file target-v4.csv (CSV, C-alpha atoms and all ligand atoms)
chain,number,residue,atom,x,y,z
L,1,MET,CA,207.4,8.7,55.8
L,2,ARG,CA,205.0,11.7,56.0
L,3,ILE,CA,202.3,12.6,53.5
L,4,THR,CA,200.4,15.8,53.6
L,5,TYR,CA,196.8,16.1,52.3
L,6,ARG,CA,194.5,19.1,53.0
L,7,ASP,CA,196.4,20.3,56.1
L,8,LYS,CA,196.5,16.7,57.5
L,9,GLN,CA,199.5,14.5,58.0
L,10,TYR,CA,199.6,10.8,57.3
L,11,GLU,CA,202.4,8.3,58.1
L,12,THR,CA,203.2,5.3,55.8
L,13,LYS,CA,206.2,3.1,55.4
L,14,PRO,CA,208.6,4.1,52.6
L,15,ASN,CA,209.5,2.2,49.4
L,16,ILE,CA,206.0,1.8,48.2
L,17,THR,CA,204.5,3.5,45.1
L,18,ALA,CA,202.6,6.7,45.5
L,19,ARG,CA,199.5,4.8,44.2
L,20,ASP,CA,199.7,2.3,47.0
L,21,ALA,CA,200.3,5.0,49.6
L,22,ILE,CA,197.2,6.9,48.4
L,23,LYS,CA,195.1,3.7,48.7
L,24,LYS,CA,196.6,2.9,52.1
L,25,ILE,CA,195.4,6.2,53.6
L,26,GLY,CA,192.0,5.7,52.1
L,27,LEU,CA,192.0,8.0,49.2
L,28,ASN,CA,191.2,7.3,45.5
L,29,PRO,CA,194.2,7.7,43.1
L,30,GLU,CA,191.8,9.3,40.6
L,31,ALA,CA,191.0,12.1,43.0
L,32,VAL,CA,194.5,13.3,43.9
L,33,LEU,CA,197.7,14.5,42.2
L,34,VAL,CA,201.1,13.6,43.7
L,35,VAL,CA,203.8,16.2,44.4
L,36,VAL,CA,207.1,14.8,45.6
L,37,ASN,CA,209.8,17.3,46.7
L,38,GLY,CA,207.9,20.1,44.9
L,39,LYS,CA,207.6,18.2,41.6
L,40,LEU,CA,204.4,16.8,40.1
L,41,VAL,CA,204.9,13.1,39.4
L,42,THR,CA,202.9,10.1,38.2
L,43,ASP,CA,201.6,7.7,40.9
L,44,ASP,CA,203.9,4.8,39.9
L,45,VAL,CA,206.8,6.7,41.6
L,46,VAL,CA,208.3,4.9,44.5
L,47,LEU,CA,208.3,7.0,47.7
L,48,ARG,CA,211.6,7.0,49.7
L,49,GLU,CA,212.4,7.9,53.3
L,50,GLY,CA,212.9,11.6,53.5
L,51,ASP,CA,210.8,12.5,50.5
L,52,GLU,CA,208.4,15.4,51.0
L,53,VAL,CA,205.1,14.1,49.7
L,54,LYS,CA,202.0,16.3,49.1
L,55,LEU,CA,198.7,15.1,47.7
L,56,VAL,CA,196.6,17.7,45.9
L,57,ALA,CA,192.9,17.1,45.7
L,58,VAL,CA,191.6,17.5,42.1
L,59,VAL,CA,188.1,18.5,43.2
L,60,SER,CA,188.1,22.2,44.0
L,61,GLY,CA,186.6,25.4,42.8
L,62,GLY,CA,183.0,25.9,42.0
X,1,MET,CA,206.6,6.7,33.8
X,2,ARG,CA,208.2,8.5,30.9
X,3,CYS,CA,206.8,11.1,28.4
X,4,ARG,CA,205.7,9.4,25.2
X,5,LYS,CA,207.0,12.3,23.2
X,6,CYS,CA,210.5,13.0,24.7
X,7,GLY,CA,211.2,10.4,27.3
X,8,GLU,CA,211.5,12.9,30.1
X,9,ARG,CA,209.8,12.2,33.4
X,10,ALA,CA,206.0,12.4,33.0
X,11,VAL,CA,203.8,14.6,35.2
X,12,ILE,CA,200.6,12.8,34.2
X,13,ASN,CA,199.6,9.3,33.1
X,14,MET,CA,196.2,9.3,31.4
X,15,ARG,CA,195.2,5.6,31.5
X,16,HIS,CA,192.0,6.3,29.4
X,17,HIS,CA,194.1,7.7,26.6
X,18,LYS,CA,197.1,5.3,27.2
X,19,LEU,CA,199.2,8.5,27.3
X,20,ALA,CA,201.9,9.8,29.7
X,21,LEU,CA,203.4,13.2,29.1
X,22,CYS,CA,206.0,15.6,30.6
X,23,GLY,CA,205.0,19.1,31.7
X,24,GLU,CA,206.0,20.8,28.5
X,25,HIS,CA,204.3,18.2,26.2
X,26,TYR,CA,201.2,18.0,28.5
X,27,VAL,CA,200.6,21.8,28.2
X,28,GLU,CA,200.9,21.5,24.4
X,29,TRP,CA,198.5,18.5,24.3
X,30,PHE,CA,196.0,20.3,26.5
X,31,ALA,CA,195.9,23.3,24.3
X,32,ALA,CA,195.6,21.2,21.1
X,33,GLN,CA,192.7,19.2,22.7
X,34,THR,CA,191.0,22.4,23.7
X,35,GLU,CA,191.3,23.8,20.2
X,36,ARG,CA,189.8,20.6,18.8
X,37,ALA,CA,186.8,20.7,21.1
X,38,ILE,CA,186.2,24.4,20.2
X,39,GLU,CA,186.3,23.5,16.5
X,40,LYS,CA,184.4,20.2,16.7
X,41,TYR,CA,181.4,21.8,18.5
X,42,ALA,CA,181.7,25.1,16.6
X,43,MET,CA,182.0,27.0,19.9
X,44,PHE,CA,183.5,30.3,18.7
X,45,SER,CA,186.2,31.8,16.4
X,46,ARG,CA,189.2,34.0,16.9
X,47,GLU,CA,187.2,36.9,15.5
X,48,GLU,CA,184.6,36.6,18.3
X,49,ARG,CA,184.8,38.0,21.8
X,50,VAL,CA,184.5,35.3,24.5
X,51,LEU,CA,183.4,36.0,28.1
X,52,VAL,CA,184.9,33.4,30.6
X,53,ALA,CA,183.0,32.9,33.8
X,54,VAL,CA,185.9,33.0,36.3
X,55,SER,CA,185.4,31.7,39.9
X,56,GLY,CA,189.1,31.8,40.9
X,57,GLY,CA,189.2,28.0,40.9
X,58,LYS,CA,191.4,25.8,38.7
X,59,ASP,CA,189.0,25.0,35.9
X,60,SER,CA,188.0,28.6,35.1
X,61,LEU,CA,191.5,30.0,35.3
X,62,ALA,CA,192.9,27.0,33.3
X,63,LEU,CA,190.2,27.8,30.7
X,64,TRP,CA,191.0,31.5,30.6
X,65,ASP,CA,194.8,30.7,30.4
X,66,VAL,CA,194.5,28.2,27.6
X,67,LEU,CA,192.2,30.4,25.5
X,68,LEU,CA,194.5,33.4,25.8
X,69,ARG,CA,197.5,31.2,24.8
X,70,LEU,CA,195.6,29.9,21.8
X,71,GLY,CA,195.0,33.5,20.7
X,72,TYR,CA,191.3,33.9,21.5
X,73,GLN,CA,189.8,37.2,22.6
X,74,ALA,CA,188.9,36.1,26.1
X,75,ASP,CA,187.8,38.4,28.9
X,76,GLY,CA,186.8,37.3,32.4
X,77,LEU,CA,183.7,37.8,34.6
X,78,TYR,CA,184.0,37.4,38.3
X,79,ILE,CA,180.8,37.5,40.4
X,80,ALA,CA,181.4,38.5,44.0
X,81,LEU,CA,178.9,36.4,45.9
X,82,GLY,CA,179.8,37.6,49.4
X,83,ILE,CA,180.4,34.1,50.8
X,84,ASN,CA,183.0,34.8,53.5
X,85,ALA,CA,182.1,32.6,56.4
X,86,PRO,CA,183.4,30.4,57.8
X,87,ILE,CA,186.3,31.0,55.4
X,88,PRO,CA,186.9,34.1,53.2
X,89,TYR,CA,186.0,32.2,50.1
X,90,SER,CA,184.8,35.1,47.9
X,91,ASP,CA,187.5,37.5,48.9
X,92,VAL,CA,190.3,35.0,48.3
X,93,SER,CA,188.9,33.8,45.0
X,94,LEU,CA,188.6,37.4,43.7
X,95,GLU,CA,192.2,37.9,44.7
X,96,LYS,CA,193.2,34.9,42.7
X,97,ALA,CA,191.3,36.1,39.6
X,98,GLN,CA,192.9,39.6,39.9
X,99,LYS,CA,196.4,38.1,40.4
X,100,PHE,CA,195.9,35.9,37.3
X,101,VAL,CA,195.4,39.1,35.1
X,102,ALA,CA,198.2,41.1,36.9
X,103,ASN,CA,201.0,38.5,36.7
X,104,GLY,CA,200.7,38.2,33.0
X,105,ASN,CA,201.7,34.6,32.7
X,106,TRP,CA,199.1,34.1,30.0
X,107,ARG,CA,201.3,36.3,27.8
X,108,VAL,CA,203.5,33.4,27.2
X,109,THR,CA,202.1,32.4,23.8
X,110,LYS,CA,204.1,30.4,21.2
X,111,GLU,CA,207.6,31.7,20.9
X,112,ASP,CA,206.9,33.4,17.6
X,113,ALA,CA,203.5,34.8,18.4
X,114,LEU,CA,202.8,38.3,19.6
X,115,PRO,CA,201.9,38.8,23.2
X,116,ALA,CA,198.2,38.7,23.7
X,117,PRO,CA,196.6,42.0,24.6
X,118,ARG,CA,195.8,42.4,28.3
X,119,PRO,CA,192.4,40.8,29.1
X,120,THR,CA,189.7,42.6,31.0
X,121,LEU,CA,188.3,41.2,34.3
X,122,HIS,CA,184.7,42.4,34.8
X,123,VAL,CA,183.7,42.2,38.5
X,124,VAL,CA,180.0,42.3,39.5
X,125,ASP,CA,179.6,42.7,43.3
X,126,ILE,CA,176.2,41.2,44.2
X,127,ALA,CA,175.8,43.0,47.5
X,128,ALA,CA,176.8,46.4,46.0
X,129,THR,CA,174.5,45.9,43.0
X,130,TYR,CA,171.5,44.3,44.6
X,131,GLY,CA,171.8,45.1,48.3
X,132,LYS,CA,172.4,41.7,49.8
X,133,THR,CA,175.1,39.0,49.7
X,134,ILE,CA,174.1,35.5,48.5
X,135,PRO,CA,173.9,34.1,52.0
X,136,GLU,CA,171.7,37.1,53.0
X,137,ILE,CA,169.2,36.8,50.2
X,138,ALA,CA,169.1,33.0,50.7
X,139,ARG,CA,168.3,33.5,54.4
X,140,ALA,CA,165.7,36.1,53.6
X,141,LYS,CA,164.0,34.1,50.9
X,142,MET,CA,164.3,30.5,52.2
X,143,ARG,CA,164.0,31.2,55.9
X,144,GLY,CA,167.5,29.9,56.5
X,145,GLN,CA,166.6,26.4,55.2
X,146,GLY,CA,169.2,24.4,53.3
X,147,ARG,CA,172.1,25.6,51.2
X,148,PRO,CA,172.1,29.0,49.4
X,149,CYS,CA,172.9,27.1,46.1
X,150,ALA,CA,169.5,27.6,44.5
X,151,ALA,CA,169.6,31.4,45.0
X,152,CYS,CA,173.3,31.5,44.1
X,153,GLY,CA,172.9,29.5,40.8
X,154,LEU,CA,169.9,31.6,39.7
X,155,THR,CA,171.8,34.8,40.4
X,156,LYS,CA,175.0,33.7,38.7
X,157,ARG,CA,173.1,32.5,35.6
X,158,TYR,CA,171.2,35.8,35.3
X,159,VAL,CA,174.2,38.1,35.9
X,160,MET,CA,176.4,36.2,33.5
X,161,ASN,CA,173.8,36.2,30.7
X,162,ARG,CA,173.0,39.9,31.2
X,163,LEU,CA,176.6,41.1,31.3
X,164,ALA,CA,177.6,39.0,28.3
X,165,LEU,CA,174.7,40.6,26.3
X,166,GLU,CA,175.2,44.1,27.5
X,167,GLN,CA,178.9,44.0,26.7
X,168,GLY,CA,178.4,42.4,23.3
X,169,TYR,CA,180.2,39.1,23.9
X,170,ALA,CA,179.4,36.4,21.3
X,171,VAL,CA,179.6,33.5,23.9
X,172,LEU,CA,179.8,32.8,27.6
X,173,ALA,CA,182.4,30.1,28.3
X,174,THR,CA,182.4,28.1,31.6
X,175,GLY,CA,185.1,25.8,33.0
X,176,HIS,CA,183.0,22.7,33.4
X,177,ASN,CA,185.2,19.6,33.1
X,178,LEU,CA,184.2,16.0,32.3
X,179,ASP,CA,183.7,15.1,35.9
X,180,ASP,CA,181.3,18.0,36.4
X,181,GLU,CA,179.4,16.9,33.3
X,182,ILE,CA,179.1,13.2,34.2
X,183,ALA,CA,178.1,14.0,37.8
X,184,VAL,CA,175.1,15.9,36.4
X,185,LEU,CA,174.6,13.2,33.7
X,186,PHE,CA,174.6,10.5,36.4
X,187,GLN,CA,172.0,12.3,38.5
X,188,ASN,CA,169.8,13.0,35.5
X,189,THR,CA,170.1,9.4,34.4
X,190,LEU,CA,169.3,8.1,37.9
X,191,HIS,CA,166.0,10.0,37.7
X,192,TRP,CA,165.5,9.7,34.0
X,193,GLN,CA,165.1,13.4,33.6
X,194,MET,CA,164.7,13.3,29.9
X,195,GLY,CA,164.2,17.1,29.5
X,196,TYR,CA,167.5,17.8,31.3
X,197,LEU,CA,169.3,15.1,29.3
X,198,ALA,CA,168.1,16.6,26.1
X,199,ARG,CA,169.5,20.0,27.1
X,200,GLN,CA,172.9,18.8,28.4
X,201,ALA,CA,175.5,19.6,25.8
X,202,PRO,CA,179.0,21.2,25.2
X,203,VAL,CA,177.1,24.1,23.5
X,204,LEU,CA,173.8,25.7,24.3
X,205,PRO,CA,173.0,27.8,21.3
X,206,ALA,CA,171.5,31.3,21.7
X,207,SER,CA,168.2,29.9,20.8
X,208,ARG,CA,166.4,33.1,21.1
X,209,GLU,CA,166.9,36.8,21.7
X,210,GLY,CA,168.0,37.6,25.2
X,211,LEU,CA,169.9,34.4,25.8
X,212,VAL,CA,173.6,34.3,25.1
X,213,LYS,CA,175.3,31.2,23.6
X,214,LYS,CA,177.0,29.1,26.3
X,215,VAL,CA,180.0,26.8,25.7
X,216,LYS,CA,182.1,24.4,27.8
X,217,PRO,CA,185.5,24.0,26.0
X,218,LEU,CA,187.0,21.8,28.8
X,219,CYS,CA,184.1,19.3,28.9
X,220,ARG,CA,186.2,16.4,27.6
X,221,PHE,CA,189.0,16.8,30.2
X,222,TYR,CA,189.0,14.8,33.4
X,223,GLU,CA,189.1,16.9,36.5
X,224,ARG,CA,192.6,15.7,37.3
X,225,GLU,CA,193.7,16.9,33.8
X,226,THR,CA,192.5,20.5,34.4
X,227,ALA,CA,194.1,20.4,37.9
X,228,THR,CA,197.3,19.2,36.3
X,229,TYR,CA,197.2,21.9,33.7
X,230,ALA,CA,196.8,24.6,36.4
X,231,LEU,CA,199.7,23.2,38.5
X,232,VAL,CA,202.0,22.8,35.5
X,233,ARG,CA,201.2,26.3,34.3
X,234,GLY,CA,201.8,27.7,37.8
X,235,ILE,CA,198.3,29.1,38.1
X,236,ASP,CA,197.6,30.2,41.6
X,237,TYR,CA,194.0,29.2,42.1
X,238,ILE,CA,191.7,28.9,45.1
X,239,TYR,CA,192.2,25.4,46.5
X,240,ASP,CA,189.3,25.4,49.0
X,241,GLU,CA,185.8,24.8,47.7
X,242,CYS,CA,182.9,27.0,48.5
X,243,PRO,CA,182.0,26.2,52.1
X,244,HIS,CA,178.4,25.4,50.9
X,245,ALA,CA,179.7,22.7,48.4
X,246,THR,CA,181.0,20.3,51.0
X,247,GLY,CA,179.0,17.2,51.2
X,248,ASN,CA,176.8,18.0,48.2
X,249,LEU,CA,175.4,15.3,45.9
X,250,THR,CA,177.6,16.3,43.0
X,251,ASN,CA,180.8,15.5,45.0
X,252,PHE,CA,179.2,12.2,46.1
X,253,TYR,CA,178.6,11.2,42.5
X,254,LYS,CA,182.1,12.3,41.6
X,255,THR,CA,183.5,10.0,44.3
X,256,LEU,CA,181.4,7.1,43.0
X,257,LEU,CA,182.4,7.6,39.4
X,258,ASN,CA,186.1,7.8,40.4
X,259,GLN,CA,185.7,4.4,42.1
X,260,LEU,CA,184.3,3.1,38.8
X,261,GLU,CA,187.2,4.7,36.9
X,262,THR,CA,189.8,3.1,39.1
X,263,GLU,CA,188.4,-0.3,38.5
X,264,SER,CA,187.7,0.4,34.8
X,265,PRO,CA,190.0,3.1,33.3
X,266,GLY,CA,188.1,5.0,30.6
X,267,ALA,CA,184.6,4.4,32.1
X,268,LYS,CA,184.1,8.1,32.8
X,269,LEU,CA,185.1,9.1,29.3
X,270,SER,CA,183.0,6.6,27.5
X,271,PHE,CA,180.0,7.4,29.8
X,272,TYR,CA,180.2,11.0,28.5
X,273,LEU,CA,181.1,10.4,24.9
X,274,GLU,CA,178.5,7.7,24.4
X,275,PHE,CA,175.9,10.0,25.9
X,276,LEU,CA,176.8,12.7,23.4
X,277,ARG,CA,176.7,10.2,20.6
X,278,ALA,CA,173.2,9.1,21.6
X,279,ARG,CA,172.2,12.7,21.9
X,280,ASP,CA,173.5,13.5,18.5
X,281,GLU,CA,171.7,10.6,17.0
X,282,GLY,CA,168.5,12.1,18.4
X,283,ALA,CA,167.8,9.8,21.4
X,284,PHE,CA,166.5,12.7,23.4
X,285,GLU,CA,165.1,14.8,20.6
X,286,ALA,CA,161.4,14.3,21.5
X,287,PHE,CA,162.1,15.8,24.9
X,288,ASN,CA,163.8,18.9,23.7
X,289,ARG,CA,160.7,21.1,23.7
X,290,THR,CA,161.2,24.7,23.1
X,291,GLU,CA,158.9,26.3,25.6
X,292,GLU,CA,157.4,29.6,24.8
X,293,LEU,CA,159.2,32.5,26.5
X,294,HIS,CA,158.0,35.9,27.6
X,295,ALA,CA,160.0,39.0,28.3
X,296,CYS,CA,160.3,39.8,32.0
X,297,GLU,CA,158.1,42.9,32.6
X,298,VAL,CA,160.9,44.5,34.7
X,299,CYS,CA,164.3,43.6,33.1
X,300,GLY,CA,163.2,42.2,29.7
X,301,GLN,CA,165.2,39.0,30.0
X,302,PRO,CA,163.4,35.8,28.8
X,303,THR,CA,161.3,34.0,31.3
X,304,SER,CA,158.9,31.0,31.1
X,305,ALA,CA,155.9,32.6,32.8
X,306,PRO,CA,154.5,36.0,32.0
X,307,GLY,CA,155.2,38.7,34.6
X,308,ARG,CA,158.5,39.1,36.5
X,309,CYS,CA,161.3,36.6,35.9
X,310,ALA,CA,162.6,34.4,38.7
X,311,PHE,CA,165.5,36.7,39.3
X,312,CYS,CA,163.4,39.8,39.6
X,313,ARG,CA,161.0,38.0,41.9
X,314,MET,CA,163.7,36.7,44.2
X,315,TRP,CA,165.5,40.1,44.4
X,316,ASP,CA,162.2,42.0,44.6
X,317,VAL,CA,163.2,44.1,41.7
X,318,SER,CA,160.3,46.2,40.3
X,319,ARG,CA,159.8,48.9,37.8
L,401,LIG,S1,178.4,25.7,46.3
L,401,LIG,FE1,176.4,26.7,46.3
L,401,LIG,S2,176.7,28.7,47.3
L,401,LIG,FE2,178.7,27.9,46.8
L,401,LIG,S3,179.3,28.8,44.8
L,401,LIG,FE3,178.3,26.9,44.4
L,401,LIG,S4,176.1,27.3,44.1
L,401,LIG,FE4,177.0,29.1,45.1
L,402,ZN,ZN,207.9,15.3,26.9
L,403,ZN,ZN,163.6,40.1,35.3
call {"tool": "encode", "arguments": {"input": "target-v4.csv", "output": "structure tokens"}}
result
Amino acid sequence: MRITYRDKQYETKPNITARDAIKKIGLNPEAVLVVVNGKLVTDDVVLREGDEVKLVAVVSGG
Amino acid sequence: MRCRKCGERAVINMRHHKLALCGEHYVEWFAAQTERAIEKYAMFSREERVLVAVSGGKDSLALWDVLLRLGYQADGLYIALGINAPIPYSDVSLEKAQKFVANGNWRVTKEDALPAPRPTLHVVDIAATYGKTIPEIARAKMRGQGRPCAACGLTKRYVMNRLALEQGYAVLATGHNLDDEIAVLFQNTLHWQMGYLARQAPVLPASREGLVKKVKPLCRFYERETATYALVRGIDYIYDECPHATGNLTNFYKTLLNQLETESPGAKLSFYLEFLRARDEGAFEAFNRTEELHACEVCGQPTSAPGRCAFCRMWDVSR
């Protein structure tokens, strides 16, 4: 399953929670928001094969 | 995770408040919390005109949006810094600010309320006004050493204060969130900068003539909460940070504090609120010295040393 974060792509196995996936790719769950198939969701959502997952960094702007 | 109010799917789970909400109820909650902060810290009233410092980022646009929806008289000030390398940061962020006004989403007030009048976006172009962009003045003054942030911060503070006073605004509002505040708090605590600690607050009163009152209505929201508000409200903000912000100390402290928050939900909130409590109880009072100020001999704005102020010296402004 593919996860996009800041123009980069990451691969993880499906059927894990978004929170676990975020930790697996080395990010902090506090620092990102999870958008699955275009919808903002909480990080307890289980990611399925074929989901389009985008992580949005919360730090931005100046 | 389900919304506590309606049972729909939640868009955010705030562990530190033990509260999960759907998009609709989150926007409602965010507005109510903003209103509470404005009232609690006596920031401004609906009769007063507020100038919002708009960067085109999520925090400042979220702030402008929520103030307009709450029925406050809020205009924006965008300062064009001329930072367009290696990415067109300034150009894109100005576009976002202009789009925010043009698309009129902020009109959606409560069903029964009248649409808010169209807000004004003031734009001050630094290069057009003072002859150089921020990177250019920084290179000229600091011989290309380090980041342009010192020159940038000084210029922004000066221009914001000056425009707010000239245009008769009662307050200047900035979009600082709790993560911004505790990053500074952490730094000041590490170095026990008592004077800085004494002056860090949600409201800086207009203590004397020539200095506008400054307020931070979003200071109790986590950064993820202002980002969530911007996403749910469909605000198109600049996602990239200023190229000079990457790798700065503030972001490093934010990362550290987020690690702490993950292990101990609510740690960030209590760090900030307990600091404010200690401050209210007078813990830093002895360090809150009011230094004598002089009027700058060129522009008249308050300055700590007689002669020209730091802004006029840097920009070589003379009579
Ligand atoms: S990071 Fe530095 S240069 Fe960029 S906007 Fe902030 S203060 Fe200015
Ligand atoms: Zn709900
Ligand atoms: Zn001056």
call {"tool": "residues_around", "arguments": {"input": "target-v4.csv", "residues": "Val317 in chain X", "least_positions_apart": "3", "cutoff": "9 Å", "atoms": "only C-alpha atoms", "output": "PyMOL selection string"}}
result
chain X and resi 130+298-299+308+311-314
call {"tool": "residues_near_ligand", "arguments": {"input": "target-v4.csv", "ligand": "ligand ZN 402 (chain L)", "cutoff": "12 Å", "atoms": "only C-alpha atoms and all ligand atoms", "output": "list in words"}}
result
Met1, Arg2, Cys3, Arg4, Lys5, Cys6, Gly7, Glu8, Arg9, Ala10, Val11, Ile12, Asn13, Leu19, Ala20, Leu21, Cys22, Gly23, Glu24, His25, Tyr26, Val27, Glu28 and Trp29 of chain X
call {"tool": "residues_near_ligand", "arguments": {"input": "target-v4.csv", "ligand": "ligand ZN 403 (chain L)", "cutoff": "12 Å", "atoms": "all atoms listed in the file", "output": "number ranges by chain"}}
result
X: 154-155, 158-159, 161-162, 210, 294-319
call {"tool": "atom_distance", "arguments": {"input": "target-v4.csv", "atom1": "CA of His16 in chain X", "atom2": "CA of Ala21 in chain L"}}
result
21.9 Å
call {"tool": "residues_near_ligand", "arguments": {"input": "target-v4.csv", "ligand": "ligand LIG 401 (chain L)", "cutoff": "7 Å", "atoms": "all atoms listed in the file", "output": "list of chain:residue names"}}
result
L:Gly62, X:Arg147, X:Pro148, X:Cys149, X:Ala150, X:Cys152, X:Gly153, X:Cys242, X:Pro243, X:His244, X:Ala245
call {"tool": "atom_distance", "arguments": {"input": "target-v4.csv", "atom1": "CA of Leu61 in chain X", "atom2": "CA of Gly38 in chain L"}}
result
21.4 Å
call {"tool": "closest_atom_pairs", "arguments": {"input": "target-v4.csv", "of": "chain X", "to": "chain L", "cutoff": "8 Å", "atoms": "all atoms listed in the file", "output": "JSON lines"}}
result
{"residue": "X:Met1", "atom": "CA", "partner": "L:Thr42", "partner_atom": "CA", "distance": 6.7}
{"residue": "X:Arg9", "atom": "CA", "partner": "L:Val41", "partner_atom": "CA", "distance": 7.8}
{"residue": "X:Ala10", "atom": "CA", "partner": "L:Thr42", "partner_atom": "CA", "distance": 6.5}
{"residue": "X:Val11", "atom": "CA", "partner": "L:Val41", "partner_atom": "CA", "distance": 4.6}
{"residue": "X:Ile12", "atom": "CA", "partner": "L:Thr42", "partner_atom": "CA", "distance": 5.3}
{"residue": "X:Asn13", "atom": "CA", "partner": "L:Thr42", "partner_atom": "CA", "distance": 6.1}
{"residue": "X:Ser55", "atom": "CA", "partner": "L:Gly62", "partner_atom": "CA", "distance": 6.6}
{"residue": "X:Gly56", "atom": "CA", "partner": "L:Gly61", "partner_atom": "CA", "distance": 7.1}
{"residue": "X:Gly57", "atom": "CA", "partner": "L:Gly61", "partner_atom": "CA", "distance": 4.1}
{"residue": "X:Lys58", "atom": "CA", "partner": "L:Gly61", "partner_atom": "CA", "distance": 6.3}
{"residue": "X:Asp59", "atom": "CA", "partner": "L:Gly61", "partner_atom": "CA", "distance": 7.3}
{"residue": "X:Glu223", "atom": "CA", "partner": "L:Val58", "partner_atom": "CA", "distance": 6.2}
{"residue": "X:Arg224", "atom": "CA", "partner": "L:Val58", "partner_atom": "CA", "distance": 5.2}
{"residue": "X:Ala227", "atom": "CA", "partner": "L:Val58", "partner_atom": "CA", "distance": 5.7}
{"residue": "X:Thr228", "atom": "CA", "partner": "L:Leu33", "partner_atom": "CA", "distance": 7.6}
{"residue": "X:Val232", "atom": "CA", "partner": "L:Leu40", "partner_atom": "CA", "distance": 7.9}
{"residue": "X:Ile238", "atom": "CA", "partner": "L:Gly61", "partner_atom": "CA", "distance": 6.6}
{"residue": "X:Tyr239", "atom": "CA", "partner": "L:Ser60", "partner_atom": "CA", "distance": 5.8}
{"residue": "X:Asp240", "atom": "CA", "partner": "L:Ser60", "partner_atom": "CA", "distance": 6.1}
{"residue": "X:Glu241", "atom": "CA", "partner": "L:Gly61", "partner_atom": "CA", "distance": 5.0}
{"residue": "X:Cys242", "atom": "CA", "partner": "L:Gly62", "partner_atom": "CA", "distance": 6.6}
{"residue": "X:Ala245", "atom": "CA", "partner": "L:Gly62", "partner_atom": "CA", "distance": 7.9}
{"residue": "X:Thr255", "atom": "CA", "partner": "L:Ala31", "partner_atom": "CA", "distance": 7.9}
{"residue": "X:Asn258", "atom": "CA", "partner": "L:Glu30", "partner_atom": "CA", "distance": 5.9}
{"residue": "X:Gln259", "atom": "CA", "partner": "L:Asn28", "partner_atom": "CA", "distance": 7.1}
{"residue": "X:Glu261", "atom": "CA", "partner": "L:Glu30", "partner_atom": "CA", "distance": 7.5}
{"residue": "X:Thr262", "atom": "CA", "partner": "L:Glu30", "partner_atom": "CA", "distance": 6.7}
call {"tool": "atom_distance", "arguments": {"input": "target-v4.csv", "atom1": "CA of Gly247 in chain X", "atom2": "CA of Leu81 in chain X"}}
result
19.9 Å
call {"tool": "residues_around", "arguments": {"input": "target-v4.csv", "residues": "Ala286 in chain X", "least_positions_apart": "2", "cutoff": "10 Å", "atoms": "only C-alpha atoms", "output": "short mmCIF file (atom, residue, chain, number, x, y, z; two decimals) with C-alpha atoms, in the coordinates of the input"}}
result
data_model
loop_
_atom_site.label_atom_id
_atom_site.label_comp_id
_atom_site.auth_asym_id
_atom_site.auth_seq_id
_atom_site.Cartn_x
_atom_site.Cartn_y
_atom_site.Cartn_z
CA MET X 194 164.70 13.30 29.90
CA GLY X 195 164.20 17.10 29.50
CA ALA X 198 168.10 16.60 26.10
CA GLY X 282 168.50 12.10 18.40
CA ALA X 283 167.80 9.80 21.40
CA PHE X 284 166.50 12.70 23.40
CA ASN X 288 163.80 18.90 23.70
CA ARG X 289 160.70 21.10 23.70
#
call {"tool": "residues_around", "arguments": {"input": "target-v4.csv", "residues": "Pro205 in chain X", "least_positions_apart": "2", "cutoff": "10 Å", "atoms": "all atoms listed in the file", "output": "ChimeraX atom specification"}}
result
/X:43,171,201-203,207-208,211-215
call {"tool": "closest_residue", "arguments": {"input": "target-v4.csv", "among": "X:Gly104, X:Gly168, X:Gly82, X:Gly175", "to": "Ile137 in chain X", "atoms": "all atoms listed in the file"}}
result
X:Gly82
call {"tool": "closest_residue", "arguments": {"input": "target-v4.csv", "among": "L:Val53, L:Asn37, L:Gly26, L:Met1", "to": "Pro14 in chain L", "atoms": "only C-alpha atoms"}}
result
L:Met1
call {"tool": "closest_residue", "arguments": {"input": "target-v4.csv", "among": "L:Leu27, L:Lys54, L:Val36, L:Glu49", "to": "Thr12 in chain L", "atoms": "only C-alpha atoms"}}
result
L:Glu49
call {"tool": "build_atoms", "arguments": {"input": "target-v4.csv", "residues": "range 187-193 of chain X", "atoms": "N, CA and C atoms", "output": "PDB file, in the coordinates of the input"}}
result
ATOM      1  N   GLN X 187     173.230  11.948  37.719  1.00  0.00           N
ATOM      2  CA  GLN X 187     172.000  12.300  38.500  1.00  0.00           C
ATOM      3  C   GLN X 187     170.795  12.343  37.576  1.00  0.00           C
ATOM      4  N   ASN X 188     170.929  12.917  36.388  1.00  0.00           N
ATOM      5  CA  ASN X 188     169.800  13.000  35.500  1.00  0.00           C
ATOM      6  C   ASN X 188     169.378  11.602  34.966  1.00  0.00           C
ATOM      7  N   THR X 189     170.363  10.714  34.859  1.00  0.00           N
ATOM      8  CA  THR X 189     170.100   9.400  34.400  1.00  0.00           C
ATOM      9  C   THR X 189     169.384   8.555  35.526  1.00  0.00           C
ATOM     10  N   LEU X 190     169.870   8.743  36.749  1.00  0.00           N
ATOM     11  CA  LEU X 190     169.300   8.100  37.900  1.00  0.00           C
ATOM     12  C   LEU X 190     167.760   8.364  37.975  1.00  0.00           C
ATOM     13  N   HIS X 191     167.416   9.601  37.649  1.00  0.00           N
ATOM     14  CA  HIS X 191     166.000  10.000  37.700  1.00  0.00           C
ATOM     15  C   HIS X 191     165.322  10.059  36.381  1.00  0.00           C
ATOM     16  N   TRP X 192     166.036   9.628  35.339  1.00  0.00           N
ATOM     17  CA  TRP X 192     165.500   9.700  34.000  1.00  0.00           C
ATOM     18  C   TRP X 192     164.831  11.014  33.672  1.00  0.00           C
ATOM     19  N   GLN X 193     165.603  12.062  33.887  1.00  0.00           N
ATOM     20  CA  GLN X 193     165.100  13.400  33.600  1.00  0.00           C
ATOM     21  C   GLN X 193     165.356  13.712  32.137  1.00  0.00           C
TER      22      GLN X 193
END
